[in-house]
>>> print(open('structure-v2.cif').read())   # mmCIF, C-alpha atoms
data_my_file
loop_
_atom_site.label_atom_id
_atom_site.label_comp_id
_atom_site.auth_asym_id
_atom_site.auth_seq_id
_atom_site.Cartn_x
_atom_site.Cartn_y
_atom_site.Cartn_z
CA MET C 11 104.69 86.62 105.55
CA ARG C 12 106.97 85.28 102.81
CA ALA C 13 105.62 87.87 100.36
CA TYR C 14 106.39 90.70 102.77
CA LEU C 15 109.87 89.37 103.49
CA SER C 16 110.59 89.39 99.75
CA VAL C 17 109.72 93.10 99.70
CA TRP C 18 111.64 93.90 102.89
CA ARG C 19 114.78 92.31 101.42
CA LEU C 20 114.71 94.57 98.37
CA PRO C 21 117.49 97.18 98.29
CA SER C 22 116.36 100.35 100.14
CA ALA C 23 112.96 98.83 101.02
CA PRO C 24 113.36 99.32 104.81
CA VAL C 25 114.38 102.94 104.22
CA LEU C 26 111.47 103.59 101.86
CA LEU C 27 109.00 102.10 104.34
CA LEU C 28 110.36 103.69 107.53
CA ALA C 29 111.44 107.05 106.13
CA GLY C 30 108.27 107.14 104.04
CA PHE C 31 106.21 106.60 107.19
CA ALA C 32 108.04 109.38 109.05
CA GLY C 33 107.86 111.74 106.08
CA ARG C 34 104.11 111.27 105.68
CA LEU C 35 103.29 111.91 109.32
CA PRO C 36 103.40 115.72 108.90
CA SER C 37 100.51 115.49 106.43
CA ALA C 38 98.39 113.93 109.18
CA MET C 39 99.76 116.08 112.01
CA VAL C 40 100.17 119.67 110.84
CA PRO C 41 96.55 120.38 109.72
CA LEU C 42 95.15 119.21 113.07
CA ALA C 43 97.90 120.81 115.16
CA LEU C 44 97.50 124.08 113.25
CA LEU C 45 93.75 124.00 113.75
CA LEU C 46 94.15 123.55 117.50
CA MET C 47 96.95 126.12 117.75
CA VAL C 48 95.09 128.87 115.86
CA GLN C 49 91.82 128.21 117.67
CA GLN C 50 93.57 128.31 121.03
CA GLN C 51 95.28 131.59 120.14
CA THR C 52 92.39 133.39 118.42
CA GLY C 53 89.33 131.67 119.88
CA SER C 54 87.93 131.36 116.36
CA TYR C 55 87.21 128.03 114.71
CA ALA C 56 86.48 129.85 111.47
CA VAL C 57 89.99 131.32 111.23
CA ALA C 58 91.52 128.04 112.44
CA GLY C 59 89.63 126.02 109.85
CA LEU C 60 90.56 128.45 107.08
CA ALA C 61 94.26 128.30 108.01
CA SER C 62 94.23 124.49 108.12
CA ALA C 63 92.35 124.26 104.82
CA THR C 64 94.73 126.74 103.17
CA LEU C 65 97.71 124.62 104.21
CA GLY C 66 96.16 121.48 102.73
CA ILE C 67 95.10 123.18 99.49
CA ALA C 68 98.54 124.76 98.99
CA SER C 69 100.19 121.38 99.46
CA ALA C 70 97.79 119.69 97.04
CA VAL C 71 98.20 122.36 94.34
CA MET C 72 101.99 122.38 94.55
CA ALA C 73 102.45 118.59 94.54
CA PRO C 74 101.87 117.92 90.80
CA ILE C 75 104.22 120.77 89.85
CA LEU C 76 106.96 119.33 92.04
CA GLY C 77 106.13 115.83 90.81
CA ARG C 78 106.69 116.88 87.20
CA LEU C 79 110.00 118.51 88.17
CA ALA C 80 111.05 115.34 90.04
CA ASP C 81 110.32 113.19 86.98
CA ARG C 82 112.51 115.41 84.80
CA ARG C 83 115.45 116.06 87.15
CA GLY C 84 115.12 113.41 89.84
CA PRO C 85 113.58 113.80 93.30
CA ARG C 86 116.80 114.35 95.27
CA PRO C 87 117.22 118.13 94.72
CA ILE C 88 113.58 118.71 95.64
CA LEU C 89 113.73 116.59 98.79
CA PHE C 90 116.99 118.18 99.97
CA THR C 91 115.54 121.66 99.43
CA GLN C 92 112.33 120.79 101.25
CA ALA C 93 114.24 119.23 104.15
CA ALA C 94 115.91 122.62 104.65
CA VAL C 95 112.95 124.91 103.96
CA TYR C 96 109.98 123.02 105.46
CA PRO C 97 111.01 123.22 109.14
CA LEU C 98 111.89 126.90 108.75
CA LEU C 99 108.46 127.69 107.33
CA LEU C 100 106.78 125.68 110.09
CA ALA C 101 108.80 127.68 112.63
CA LEU C 102 107.61 130.87 110.91
CA LEU C 103 104.04 129.60 111.09
CA ILE C 104 104.34 128.91 114.82
CA ALA C 105 105.88 132.35 115.35
CA VAL C 106 103.13 134.30 113.55
CA VAL C 107 100.35 132.34 115.27
CA LEU C 108 101.75 132.59 118.80
CA GLY C 109 102.84 136.19 118.14
CA GLY C 110 99.23 137.21 117.52
CA ALA C 111 99.74 138.22 113.89
CA ALA C 112 96.80 139.29 111.72
CA ASP C 113 94.60 136.56 110.30
CA LEU C 114 95.79 137.19 106.74
CA VAL C 115 99.42 136.79 107.84
CA VAL C 116 98.60 133.48 109.52
CA ILE C 117 96.83 132.22 106.40
CA ALA C 118 99.73 133.33 104.18
CA ALA C 119 102.22 131.53 106.45
CA ALA C 120 100.05 128.39 106.34
CA ALA C 121 100.07 128.53 102.52
CA LEU C 122 103.87 128.79 102.42
CA ALA C 123 104.27 125.83 104.79
CA GLY C 124 101.82 123.79 102.73
CA MET C 125 103.69 124.49 99.50
CA ALA C 126 106.92 123.21 101.08
CA THR C 127 105.44 119.90 102.34
CA PRO C 128 108.03 117.22 101.46
CA LEU C 129 107.29 115.25 98.27
CA VAL C 130 107.59 111.94 100.11
CA SER C 131 104.45 110.07 99.14
CA GLY C 132 104.70 110.59 95.37
CA THR C 133 108.43 109.81 95.38
CA VAL C 134 108.05 106.59 97.37
CA ARG C 135 105.24 105.31 95.15
CA ALA C 136 107.19 106.20 92.02
CA LEU C 137 110.15 104.21 93.36
CA TRP C 138 107.92 101.23 94.14
CA SER C 139 106.72 101.33 90.53
CA ARG C 140 110.29 100.47 89.46
CA VAL C 141 110.71 97.27 91.49
CA ASP C 142 110.25 93.75 90.10
CA VAL C 143 106.71 93.34 88.79
CA ARG C 144 106.33 90.12 90.80
CA VAL C 145 106.62 91.92 94.14
CA ARG C 146 105.35 95.36 93.12
CA PRO C 147 101.71 94.88 94.22
CA THR C 148 102.87 93.56 97.61
CA ALA C 149 105.07 96.64 97.96
CA TYR C 150 102.07 98.82 97.18
CA ALA C 151 100.07 96.90 99.78
CA LEU C 152 102.69 97.62 102.45
CA ASP C 153 102.76 101.24 101.35
CA ALA C 154 98.97 101.57 101.58
CA THR C 155 98.95 99.93 105.01
CA ALA C 156 101.68 102.28 106.23
CA THR C 157 99.65 105.23 104.95
CA GLU C 158 96.65 104.06 106.97
CA LEU C 159 98.83 103.85 110.08
CA VAL C 160 99.99 107.42 109.45
CA PHE C 161 96.44 108.64 109.97
CA VAL C 162 96.17 106.71 113.23
CA VAL C 163 99.55 107.65 114.71
CA GLY C 164 99.70 111.26 113.47
CA PRO C 165 96.48 112.61 115.04
CA SER C 166 97.17 110.59 118.21
CA LEU C 167 100.58 112.27 118.59
CA VAL C 168 99.03 115.70 118.08
CA ALA C 169 96.28 115.00 120.62
CA ALA C 170 98.79 113.83 123.23
CA LEU C 171 101.09 116.82 122.69
CA ALA C 172 98.16 119.23 122.75
CA VAL C 173 97.09 117.90 126.15
CA PHE C 174 100.50 117.53 127.80
CA VAL C 175 102.54 120.24 126.05
CA SER C 176 100.87 122.46 123.41
CA PRO C 177 99.56 122.21 119.84
CA ALA C 178 102.67 124.10 118.71
CA ALA C 179 104.75 121.13 119.87
CA GLY C 180 102.86 118.98 117.37
CA VAL C 181 103.82 121.35 114.54
CA GLY C 182 107.43 121.34 115.74
CA LEU C 183 107.58 117.54 115.89
CA ALA C 184 106.10 117.38 112.37
CA GLY C 185 108.97 119.57 111.17
CA VAL C 186 111.53 117.15 112.62
CA LEU C 187 109.76 114.15 111.08
CA GLY C 188 109.59 115.96 107.74
CA ILE C 189 113.38 116.41 107.79
CA LEU C 190 113.96 112.76 108.70
CA GLY C 191 111.60 111.48 106.03
CA ALA C 192 112.82 113.72 103.23
CA LEU C 193 116.51 113.09 103.97
CA GLY C 194 115.95 109.36 104.43
CA ILE C 195 114.30 109.04 101.02
CA ALA C 196 116.74 111.42 99.31
CA THR C 197 119.83 109.55 100.55
CA SER C 198 118.50 106.03 99.93
CA ALA C 199 120.24 103.88 97.34
CA ALA C 200 117.03 103.67 95.30
CA THR C 201 116.79 107.45 95.00
CA ARG C 202 120.49 107.86 94.29
CA ALA C 203 120.14 105.35 91.46
CA TYR C 204 117.03 107.08 90.10
CA GLU C 205 117.46 107.86 86.41
CA PRO C 206 114.81 110.17 84.92
CA VAL C 207 113.17 108.77 81.80
CA VAL C 208 113.31 111.18 78.91
CA GLY C 209 109.91 111.87 77.42
CA ALA C 210 108.30 114.37 75.10
CA ARG C 211 107.36 117.65 76.74
CA ALA C 212 103.61 117.83 77.05
CA GLY C 213 100.87 120.07 78.45
CA LEU C 214 100.11 120.55 82.12
CA PHE C 215 97.25 118.02 82.10
CA SER C 216 98.74 115.48 79.69
CA THR C 217 99.43 112.97 82.48
CA VAL C 218 95.89 113.30 83.83
CA LEU C 219 94.50 112.64 80.33
CA THR C 220 96.52 109.45 79.78
CA PRO C 221 94.11 106.67 78.66
CA GLY C 222 92.50 105.12 81.71
CA MET C 223 93.67 107.82 84.15
CA PRO C 224 90.56 110.07 84.03
CA ARG C 225 88.27 107.25 85.14
CA LEU C 226 90.72 106.13 87.81
CA LEU C 227 91.11 109.65 89.19
CA LEU C 228 87.37 110.32 89.10
CA SER C 229 86.58 107.07 90.88
CA GLY C 230 89.25 107.85 93.48
CA ALA C 231 87.77 111.34 93.93
CA ALA C 232 84.26 109.93 94.43
CA LEU C 233 85.56 107.43 96.98
CA MET C 234 87.46 110.09 98.93
CA LEU C 235 84.46 112.42 98.85
CA GLY C 236 82.58 109.67 100.67
CA PHE C 237 85.40 109.18 103.14
CA GLY C 238 85.48 112.93 103.84
CA ALA C 239 81.78 112.82 104.73
CA LEU C 240 82.35 109.78 106.94
CA GLU C 241 85.24 111.41 108.81
CA VAL C 242 82.92 114.28 109.76
CA ALA C 243 79.97 112.01 110.55
CA ILE C 244 81.82 109.80 113.02
CA PRO C 245 82.69 112.57 115.55
CA ALA C 246 79.17 113.99 115.15
CA PHE C 247 77.69 110.52 115.79
CA ALA C 248 79.80 110.09 118.93
CA ASP C 249 78.78 113.54 120.16
CA SER C 250 75.10 112.77 119.56
CA THR C 251 75.37 109.71 121.79
CA GLY C 252 76.79 111.80 124.63
CA SER C 253 80.27 110.25 124.31
CA PRO C 254 82.35 112.60 122.15
CA GLY C 255 85.53 110.87 123.32
CA LEU C 256 84.49 107.75 121.39
CA SER C 257 85.16 109.45 118.06
CA GLY C 258 88.88 108.75 118.27
CA LEU C 259 88.24 105.09 119.07
CA LEU C 260 85.76 104.72 116.21
CA LEU C 261 88.14 106.30 113.70
CA ALA C 262 90.97 104.10 115.00
CA LEU C 263 88.83 100.97 114.55
CA TRP C 264 88.08 102.02 110.98
CA ALA C 265 91.78 102.51 110.24
CA LEU C 266 92.72 99.29 112.04
CA GLY C 267 90.30 97.34 109.87
CA SER C 268 92.00 98.83 106.83
CA VAL C 269 95.43 97.80 108.13
CA VAL C 270 94.29 94.22 108.73
CA GLY C 271 92.67 94.03 105.29
CA GLY C 272 95.75 95.48 103.62
CA LEU C 273 98.11 92.99 105.24
CA TRP C 274 95.85 90.08 104.30
CA PHE C 275 95.38 91.25 100.73
CA GLY C 276 99.05 91.97 100.15
CA ALA C 277 99.96 88.32 100.66
CA ARG C 278 97.35 86.99 98.21
CA VAL C 279 97.85 85.83 94.63
CA LEU C 280 94.88 86.80 92.46
CA SER C 281 94.29 85.85 88.84
CA SER C 282 91.66 88.47 87.97
CA SER C 283 92.63 91.65 86.16
CA LEU C 284 93.49 94.80 88.10
CA PRO C 285 90.47 96.79 86.81
CA ARG C 286 88.16 93.98 87.88
CA GLN C 287 89.81 93.77 91.31
CA TYR C 288 89.47 97.53 91.70
CA ARG C 289 85.77 97.48 90.78
CA LEU C 290 84.97 94.61 93.14
CA LEU C 291 86.89 96.18 96.01
CA LEU C 292 85.06 99.48 95.52
CA LEU C 293 81.83 97.50 95.65
CA GLY C 294 83.05 95.94 98.89
CA VAL C 295 83.69 99.39 100.37
CA THR C 296 80.18 100.47 99.33
CA ILE C 297 78.59 97.43 100.95
CA GLY C 298 80.58 98.09 104.12
CA LEU C 299 79.34 101.69 104.31
CA ALA C 300 75.70 101.01 103.40
CA PRO C 301 74.33 99.95 106.85
CA LEU C 302 76.02 102.73 108.86
CA ALA C 303 73.20 105.28 108.46
CA TRP C 304 70.79 102.96 110.29
CA ILE C 305 73.01 102.20 113.30
CA SER C 306 72.27 103.82 116.66
CA SER C 307 74.76 102.02 118.92
CA PRO C 308 78.36 103.29 118.93
CA TRP C 309 79.63 99.78 119.65
CA ALA C 310 77.76 98.33 116.68
CA LEU C 311 79.10 101.20 114.58
CA GLY C 312 82.64 100.36 115.72
CA VAL C 313 82.26 96.72 114.65
CA LEU C 314 80.87 97.70 111.25
CA LEU C 315 83.59 100.32 110.72
CA PHE C 316 86.26 97.72 111.44
CA LEU C 317 84.69 95.18 109.07
CA GLY C 318 84.03 97.73 106.34
CA GLY C 319 87.51 99.17 106.74
CA THR C 320 89.09 95.89 105.70
CA ALA C 321 88.38 96.73 102.03
CA ILE C 322 90.02 100.18 102.09
CA ALA C 323 93.76 99.40 102.01
CA PRO C 324 93.26 96.66 99.37
CA THR C 325 91.36 99.19 97.24
CA LEU C 326 94.15 101.74 97.59
CA THR C 327 96.73 99.04 96.83
CA VAL C 328 95.10 98.19 93.50
CA GLN C 329 94.53 101.89 92.80
CA ASN C 330 98.25 102.61 93.22
CA THR C 331 99.16 99.61 91.08
CA LEU C 332 96.89 100.88 88.32
CA VAL C 333 98.38 104.38 88.48
CA GLY C 334 101.88 102.93 88.22
CA SER C 335 100.80 100.82 85.25
CA MET C 336 98.95 103.56 83.36
CA ALA C 337 101.24 106.52 83.94
CA PRO C 338 103.76 107.41 81.24
CA VAL C 339 107.18 106.13 82.30
CA HIS C 340 108.56 109.67 82.23
CA ALA C 341 105.77 111.05 84.49
CA THR C 342 105.24 108.45 87.23
CA THR C 343 105.85 110.76 90.19
CA GLU C 344 103.59 113.40 88.68
CA ALA C 345 100.82 110.83 88.19
CA PHE C 346 100.92 109.81 91.85
CA THR C 347 100.91 113.44 92.98
CA TRP C 348 97.84 114.11 90.80
CA LEU C 349 96.12 111.19 92.52
CA SER C 350 96.96 112.67 95.94
CA THR C 351 95.88 116.16 94.91
CA ILE C 352 92.53 115.14 93.49
CA THR C 353 91.65 112.80 96.35
CA VAL C 354 92.65 115.33 99.04
CA GLY C 355 90.48 117.95 97.38
CA ALA C 356 87.56 115.54 97.08
CA SER C 357 87.90 114.56 100.74
CA ALA C 358 87.72 118.23 101.75
CA ILE C 359 84.58 118.70 99.64
CA GLY C 360 83.05 115.60 101.19
CA ALA C 361 83.79 116.89 104.69
CA ALA C 362 82.18 120.25 103.86
CA LEU C 363 79.07 118.63 102.35
CA GLY C 364 78.84 116.15 105.22
CA GLY C 365 79.06 118.97 107.75
CA ALA C 366 76.29 120.86 105.97
CA LEU C 367 74.06 117.76 106.01
CA ILE C 368 74.74 117.21 109.70
CA GLU C 369 73.77 120.80 110.50
CA GLY C 370 70.63 120.50 108.37
CA SER C 371 67.54 118.34 108.60
CA SER C 372 69.34 115.18 107.40
CA GLY C 373 71.60 115.06 110.44
CA VAL C 374 74.32 112.45 110.87
CA PRO C 375 72.46 109.80 108.80
CA GLY C 376 72.51 112.19 105.83
CA SER C 377 76.29 112.45 105.98
CA LEU C 378 76.60 108.66 106.27
CA VAL C 379 74.33 108.23 103.23
CA LEU C 380 76.59 110.66 101.35
CA ALA C 381 79.58 108.48 102.29
CA THR C 382 77.86 105.43 100.78
CA ALA C 383 76.79 107.39 97.71
CA GLY C 384 80.39 108.51 97.10
CA ALA C 385 81.66 104.91 97.15
CA ALA C 386 78.77 103.77 94.94
CA LEU C 387 79.55 106.55 92.46
CA ALA C 388 83.15 105.33 92.35
CA VAL C 389 81.87 101.90 91.26
CA VAL C 390 79.68 103.48 88.57
CA VAL C 391 82.62 105.52 87.21
CA THR C 392 84.64 102.33 86.66
CA LEU C 393 81.80 101.00 84.49
CA VAL C 394 81.79 104.01 82.14
CA PRO C 395 83.33 103.10 78.76
CA GLY C 396 86.47 104.96 77.79
CA ARG C 397 89.81 104.67 76.06
CA ARG C 398 91.63 101.54 77.08
CA PRO C 399 94.74 102.19 79.17
CA SER C 400 98.04 101.26 77.59
CA VAL C 401 99.07 98.93 80.42
CA PRO C 402 102.33 97.09 79.77
CA ALA C 403 101.97 93.37 79.25
CA ALA C 404 104.06 92.64 82.34
CA ALA C 405 101.67 94.65 84.46
CA ARG C 406 98.69 92.67 83.17
CA GLU C 407 100.13 89.32 84.16
CA SER C 408 98.86 87.55 87.26
CA VAL C 409 101.18 88.67 90.04
CA PRO C 410 101.08 88.64 93.87
CA ALA C 411 98.38 91.14 94.80
#
>>> encode(input="structure-v2.cif", output="structure tokens")
Amino acid sequence: MRAYLSVWRLPSAPVLLLAGFAGRLPSAMVPLALLLMVQQQTGSYAVAGLASATLGIASAVMAPILGRLADRRGPRPILFTQAAVYPLLLALLIAVVLGGAADLVVIAAAALAGMATPLVSGTVRALWSRVDVRVRPTAYALDATATELVFVVGPSLVAALAVFVSPAAGVGLAGVLGILGALGIATSAATRAYEPVVGARAGLFSTVLTPGMPRLLLSGAALMLGFGALEVAIPAFADSTGSPGLSGLLLALWALGSVVGGLWFGARVLSSSLPRQYRLLLLGVTIGLAPLAWISSPWALGVLLFLGGTAIAPTLTVQNTLVGSMAPVHATTEAFTWLSTITVGASAIGAALGGALIEGSSGVPGSLVLATAGAALAVVVTLVPGRRPSVPAAARESVPA
């Protein structure tokens, strides 16, 4: 606990953690709430899925552009603008869906709302990259754990509101949380003190091509492809056992395992290098996923998901630490947004491939095998030789992990 207290006592740390949590909730709430709202209004899962996917893709595509702008001019103007525009565009989205607008209008409104999603995650991680190197990995661990909780709390809020009020209420609440998160981060002392680092103007993909970043991004994409397949396989597994309601519990156990693992890992002091930690943790994730395809009991699956989940938040912690170490000092926010963009896209691809396997002859085990293969591929990518990253000496020292 002493390691976490040292982070909590940092200037603006409580704001970054709490406002960051609130500001990330819309990313976990709006896609699901929009899916339910459109399906309820149109009766079509195809249109609902397309609208939800469009929102996520628009957000992912826009994030690196906004991240680059934040690195050059500071994140405050962007966050203030998004705090004003995001809820208005969500209100427009609700209006066109409930008003029975044409499908193309709904999809266009979803794209606009996605493009305005507050730049909370990239900003918070960029700010953590500027704290004392001795507590930075612990800060990343708390951040990764909070992100895992977002994907437990967010869908649960949407499910409750959909049952007791309406899916539109979930979109509305996400708009309020987006305002609170964006304004909280924008007005924090850390953001007010943010001084952009002047760097040479470079091409659109220069940050992605920084030594070490391609392998890190590819390994992260492979891992998230596997997770996308798993997130589709778990509800299908629960449905195949005749207990579709168990899917929420199984996903919650998986996320809870990640939270427990993240809190344990964040208080450790490890002497091995970050790349080695990352490789071993990816191997741990792979080992945790490997037996799932041969499990027939939902309760056994829940136990294995919890145990396997314990390696996820530690993996993401080291991944974030590596991004912060490798990224050019004048493009830190952009680097983190590229990580989010690539992993979100890979997760969507994994979900699509997993769904196709489930519908085909492979069934649910095929999607679970794909999840394991994605994690294993991530390990292989880290073994591929490449240009050595220019990690600062301070970042290579043994620090609390």
>>> residues_around(input="structure-v2.cif", residues="Leu387 (chain C)", least_positions_apart="5", cutoff="9 Å", atoms="only C-alpha atoms", output="PyMOL selection string")
chain C and resi 229+232-233+382+392
>>> closest_residue(input="structure-v2.cif", among="C:Val218, C:Ile368, C:Leu35, C:Met336", to="Val181 (chain C)", atoms="only C-alpha atoms")
C:Leu35
>>> residues_around(input="structure-v2.cif", residues="Leu183 (chain C)", least_positions_apart="3", cutoff="10 Å", atoms="all atoms listed in the file", output="VMD selection string")
chain C and resid 35 to 36 39 to 40 97 167 to 168 171 178 to 180 186 to 188
>>> write_last_selection(input="structure-v2.cif", atoms="C-alpha atoms", output="PDB file, in the coordinates of the input")
ATOM      1  CA  LEU C  35     103.290 111.910 109.320  1.00  0.00           C
ATOM      2  CA  PRO C  36     103.400 115.720 108.900  1.00  0.00           C
ATOM      3  CA  MET C  39      99.760 116.080 112.010  1.00  0.00           C
ATOM      4  CA  VAL C  40     100.170 119.670 110.840  1.00  0.00           C
ATOM      5  CA  PRO C  97     111.010 123.220 109.140  1.00  0.00           C
ATOM      6  CA  LEU C 167     100.580 112.270 118.590  1.00  0.00           C
ATOM      7  CA  VAL C 168      99.030 115.700 118.080  1.00  0.00           C
ATOM      8  CA  LEU C 171     101.090 116.820 122.690  1.00  0.00           C
ATOM      9  CA  ALA C 178     102.670 124.100 118.710  1.00  0.00           C
ATOM     10  CA  ALA C 179     104.750 121.130 119.870  1.00  0.00           C
ATOM     11  CA  GLY C 180     102.860 118.980 117.370  1.00  0.00           C
ATOM     12  CA  VAL C 186     111.530 117.150 112.620  1.00  0.00           C
ATOM     13  CA  LEU C 187     109.760 114.150 111.080  1.00  0.00           C
ATOM     14  CA  GLY C 188     109.590 115.960 107.740  1.00  0.00           C
TER      15      GLY C 188
END
>>> resolve_selection(input="structure-v2.cif", expression="the PyMOL selection byres ((chain C and resi 340-342) around 9)", output="ChimeraX atom specification")
/C:77-78,80-82,132-133,135-137,139,206-210,217,333-334,336-339,343-347
>>> write_last_selection(input="structure-v2.cif", atoms="C-alpha atoms", output="CSV table (one decimal), in the coordinates of the input")
chain,number,residue,atom,x,y,z
C,77,GLY,CA,106.1,115.8,90.8
C,78,ARG,CA,106.7,116.9,87.2
C,80,ALA,CA,111.0,115.3,90.0
C,81,ASP,CA,110.3,113.2,87.0
C,82,ARG,CA,112.5,115.4,84.8
C,132,GLY,CA,104.7,110.6,95.4
C,133,THR,CA,108.4,109.8,95.4
C,135,ARG,CA,105.2,105.3,95.2
C,136,ALA,CA,107.2,106.2,92.0
C,137,LEU,CA,110.2,104.2,93.4
C,139,SER,CA,106.7,101.3,90.5
C,206,PRO,CA,114.8,110.2,84.9
C,207,VAL,CA,113.2,108.8,81.8
C,208,VAL,CA,113.3,111.2,78.9
C,209,GLY,CA,109.9,111.9,77.4
C,210,ALA,CA,108.3,114.4,75.1
C,217,THR,CA,99.4,113.0,82.5
C,333,VAL,CA,98.4,104.4,88.5
C,334,GLY,CA,101.9,102.9,88.2
C,336,MET,CA,99.0,103.6,83.4
C,337,ALA,CA,101.2,106.5,83.9
C,338,PRO,CA,103.8,107.4,81.2
C,339,VAL,CA,107.2,106.1,82.3
C,343,THR,CA,105.8,110.8,90.2
C,344,GLU,CA,103.6,113.4,88.7
C,345,ALA,CA,100.8,110.8,88.2
C,346,PHE,CA,100.9,109.8,91.8
C,347,THR,CA,100.9,113.4,93.0
>>> resolve_selection(input="structure-v2.cif", expression="the PyMOL selection byres ((chain C and resi 250) around 12)", output="number ranges by chain")
C: 243-249, 251-257, 306-308, 368, 373-375
>>> residues_near_point(input="structure-v2.cif", point="(93.3, 109.9, 93.6)", cutoff="12 Å", atoms="all atoms listed in the file", output="PyMOL selection string")
chain C and resi 70+132+218+223-235+325-330+332-333+344-357+388
>>> residues_around(input="structure-v2.cif", residues="Met47 (chain C)", least_positions_apart="3", cutoff="9 Å", atoms="only C-alpha atoms", output="ChimeraX atom specification")
/C:42-44,50-52,58,104,107-108,172,176-178,181
>>> resolve_selection(input="structure-v2.cif", expression="the PyMOL selection byres ((chain C and resi 120) around 12)", output="JSON, numbers by chain")
{"C": [40, 41, 43, 44, 45, 48, 57, 58, 59, 60, 61, 62, 63, 64, 65, 66, 67, 68, 69, 96, 99, 100, 101, 102, 103, 104, 105, 106, 107, 113, 114, 115, 116, 117, 118, 119, 121, 122, 123, 124, 125, 126, 127, 181]}
>>> write_last_selection(input="structure-v2.cif", atoms="C-alpha atoms", output="PDB file, in the frame of the given file")
ATOM      1  CA  VAL C  40     100.170 119.670 110.840  1.00  0.00           C
ATOM      2  CA  PRO C  41      96.550 120.380 109.720  1.00  0.00           C
ATOM      3  CA  ALA C  43      97.900 120.810 115.160  1.00  0.00           C
ATOM      4  CA  LEU C  44      97.500 124.080 113.250  1.00  0.00           C
ATOM      5  CA  LEU C  45      93.750 124.000 113.750  1.00  0.00           C
ATOM      6  CA  VAL C  48      95.090 128.870 115.860  1.00  0.00           C
ATOM      7  CA  VAL C  57      89.990 131.320 111.230  1.00  0.00           C
ATOM      8  CA  ALA C  58      91.520 128.040 112.440  1.00  0.00           C
ATOM      9  CA  GLY C  59      89.630 126.020 109.850  1.00  0.00           C
ATOM     10  CA  LEU C  60      90.560 128.450 107.080  1.00  0.00           C
ATOM     11  CA  ALA C  61      94.260 128.300 108.010  1.00  0.00           C
ATOM     12  CA  SER C  62      94.230 124.490 108.120  1.00  0.00           C
ATOM     13  CA  ALA C  63      92.350 124.260 104.820  1.00  0.00           C
ATOM     14  CA  THR C  64      94.730 126.740 103.170  1.00  0.00           C
ATOM     15  CA  LEU C  65      97.710 124.620 104.210  1.00  0.00           C
ATOM     16  CA  GLY C  66      96.160 121.480 102.730  1.00  0.00           C
ATOM     17  CA  ILE C  67      95.100 123.180  99.490  1.00  0.00           C
ATOM     18  CA  ALA C  68      98.540 124.760  98.990  1.00  0.00           C
ATOM     19  CA  SER C  69     100.190 121.380  99.460  1.00  0.00           C
ATOM     20  CA  TYR C  96     109.980 123.020 105.460  1.00  0.00           C
ATOM     21  CA  LEU C  99     108.460 127.690 107.330  1.00  0.00           C
ATOM     22  CA  LEU C 100     106.780 125.680 110.090  1.00  0.00           C
ATOM     23  CA  ALA C 101     108.800 127.680 112.630  1.00  0.00           C
ATOM     24  CA  LEU C 102     107.610 130.870 110.910  1.00  0.00           C
ATOM     25  CA  LEU C 103     104.040 129.600 111.090  1.00  0.00           C
ATOM     26  CA  ILE C 104     104.340 128.910 114.820  1.00  0.00           C
ATOM     27  CA  ALA C 105     105.880 132.350 115.350  1.00  0.00           C
ATOM     28  CA  VAL C 106     103.130 134.300 113.550  1.00  0.00           C
ATOM     29  CA  VAL C 107     100.350 132.340 115.270  1.00  0.00           C
ATOM     30  CA  ASP C 113      94.600 136.560 110.300  1.00  0.00           C
ATOM     31  CA  LEU C 114      95.790 137.190 106.740  1.00  0.00           C
ATOM     32  CA  VAL C 115      99.420 136.790 107.840  1.00  0.00           C
ATOM     33  CA  VAL C 116      98.600 133.480 109.520  1.00  0.00           C
ATOM     34  CA  ILE C 117      96.830 132.220 106.400  1.00  0.00           C
ATOM     35  CA  ALA C 118      99.730 133.330 104.180  1.00  0.00           C
ATOM     36  CA  ALA C 119     102.220 131.530 106.450  1.00  0.00           C
ATOM     37  CA  ALA C 121     100.070 128.530 102.520  1.00  0.00           C
ATOM     38  CA  LEU C 122     103.870 128.790 102.420  1.00  0.00           C
ATOM     39  CA  ALA C 123     104.270 125.830 104.790  1.00  0.00           C
ATOM     40  CA  GLY C 124     101.820 123.790 102.730  1.00  0.00           C
ATOM     41  CA  MET C 125     103.690 124.490  99.500  1.00  0.00           C
ATOM     42  CA  ALA C 126     106.920 123.210 101.080  1.00  0.00           C
ATOM     43  CA  THR C 127     105.440 119.900 102.340  1.00  0.00           C
ATOM     44  CA  VAL C 181     103.820 121.350 114.540  1.00  0.00           C
TER      45      VAL C 181
END
>>> closest_residue(input="structure-v2.cif", among="C:Ser335, C:Ser282, C:Ser268, C:Ser16", to="Gly318 (chain C)", atoms="all atoms listed in the file")
C:Ser268
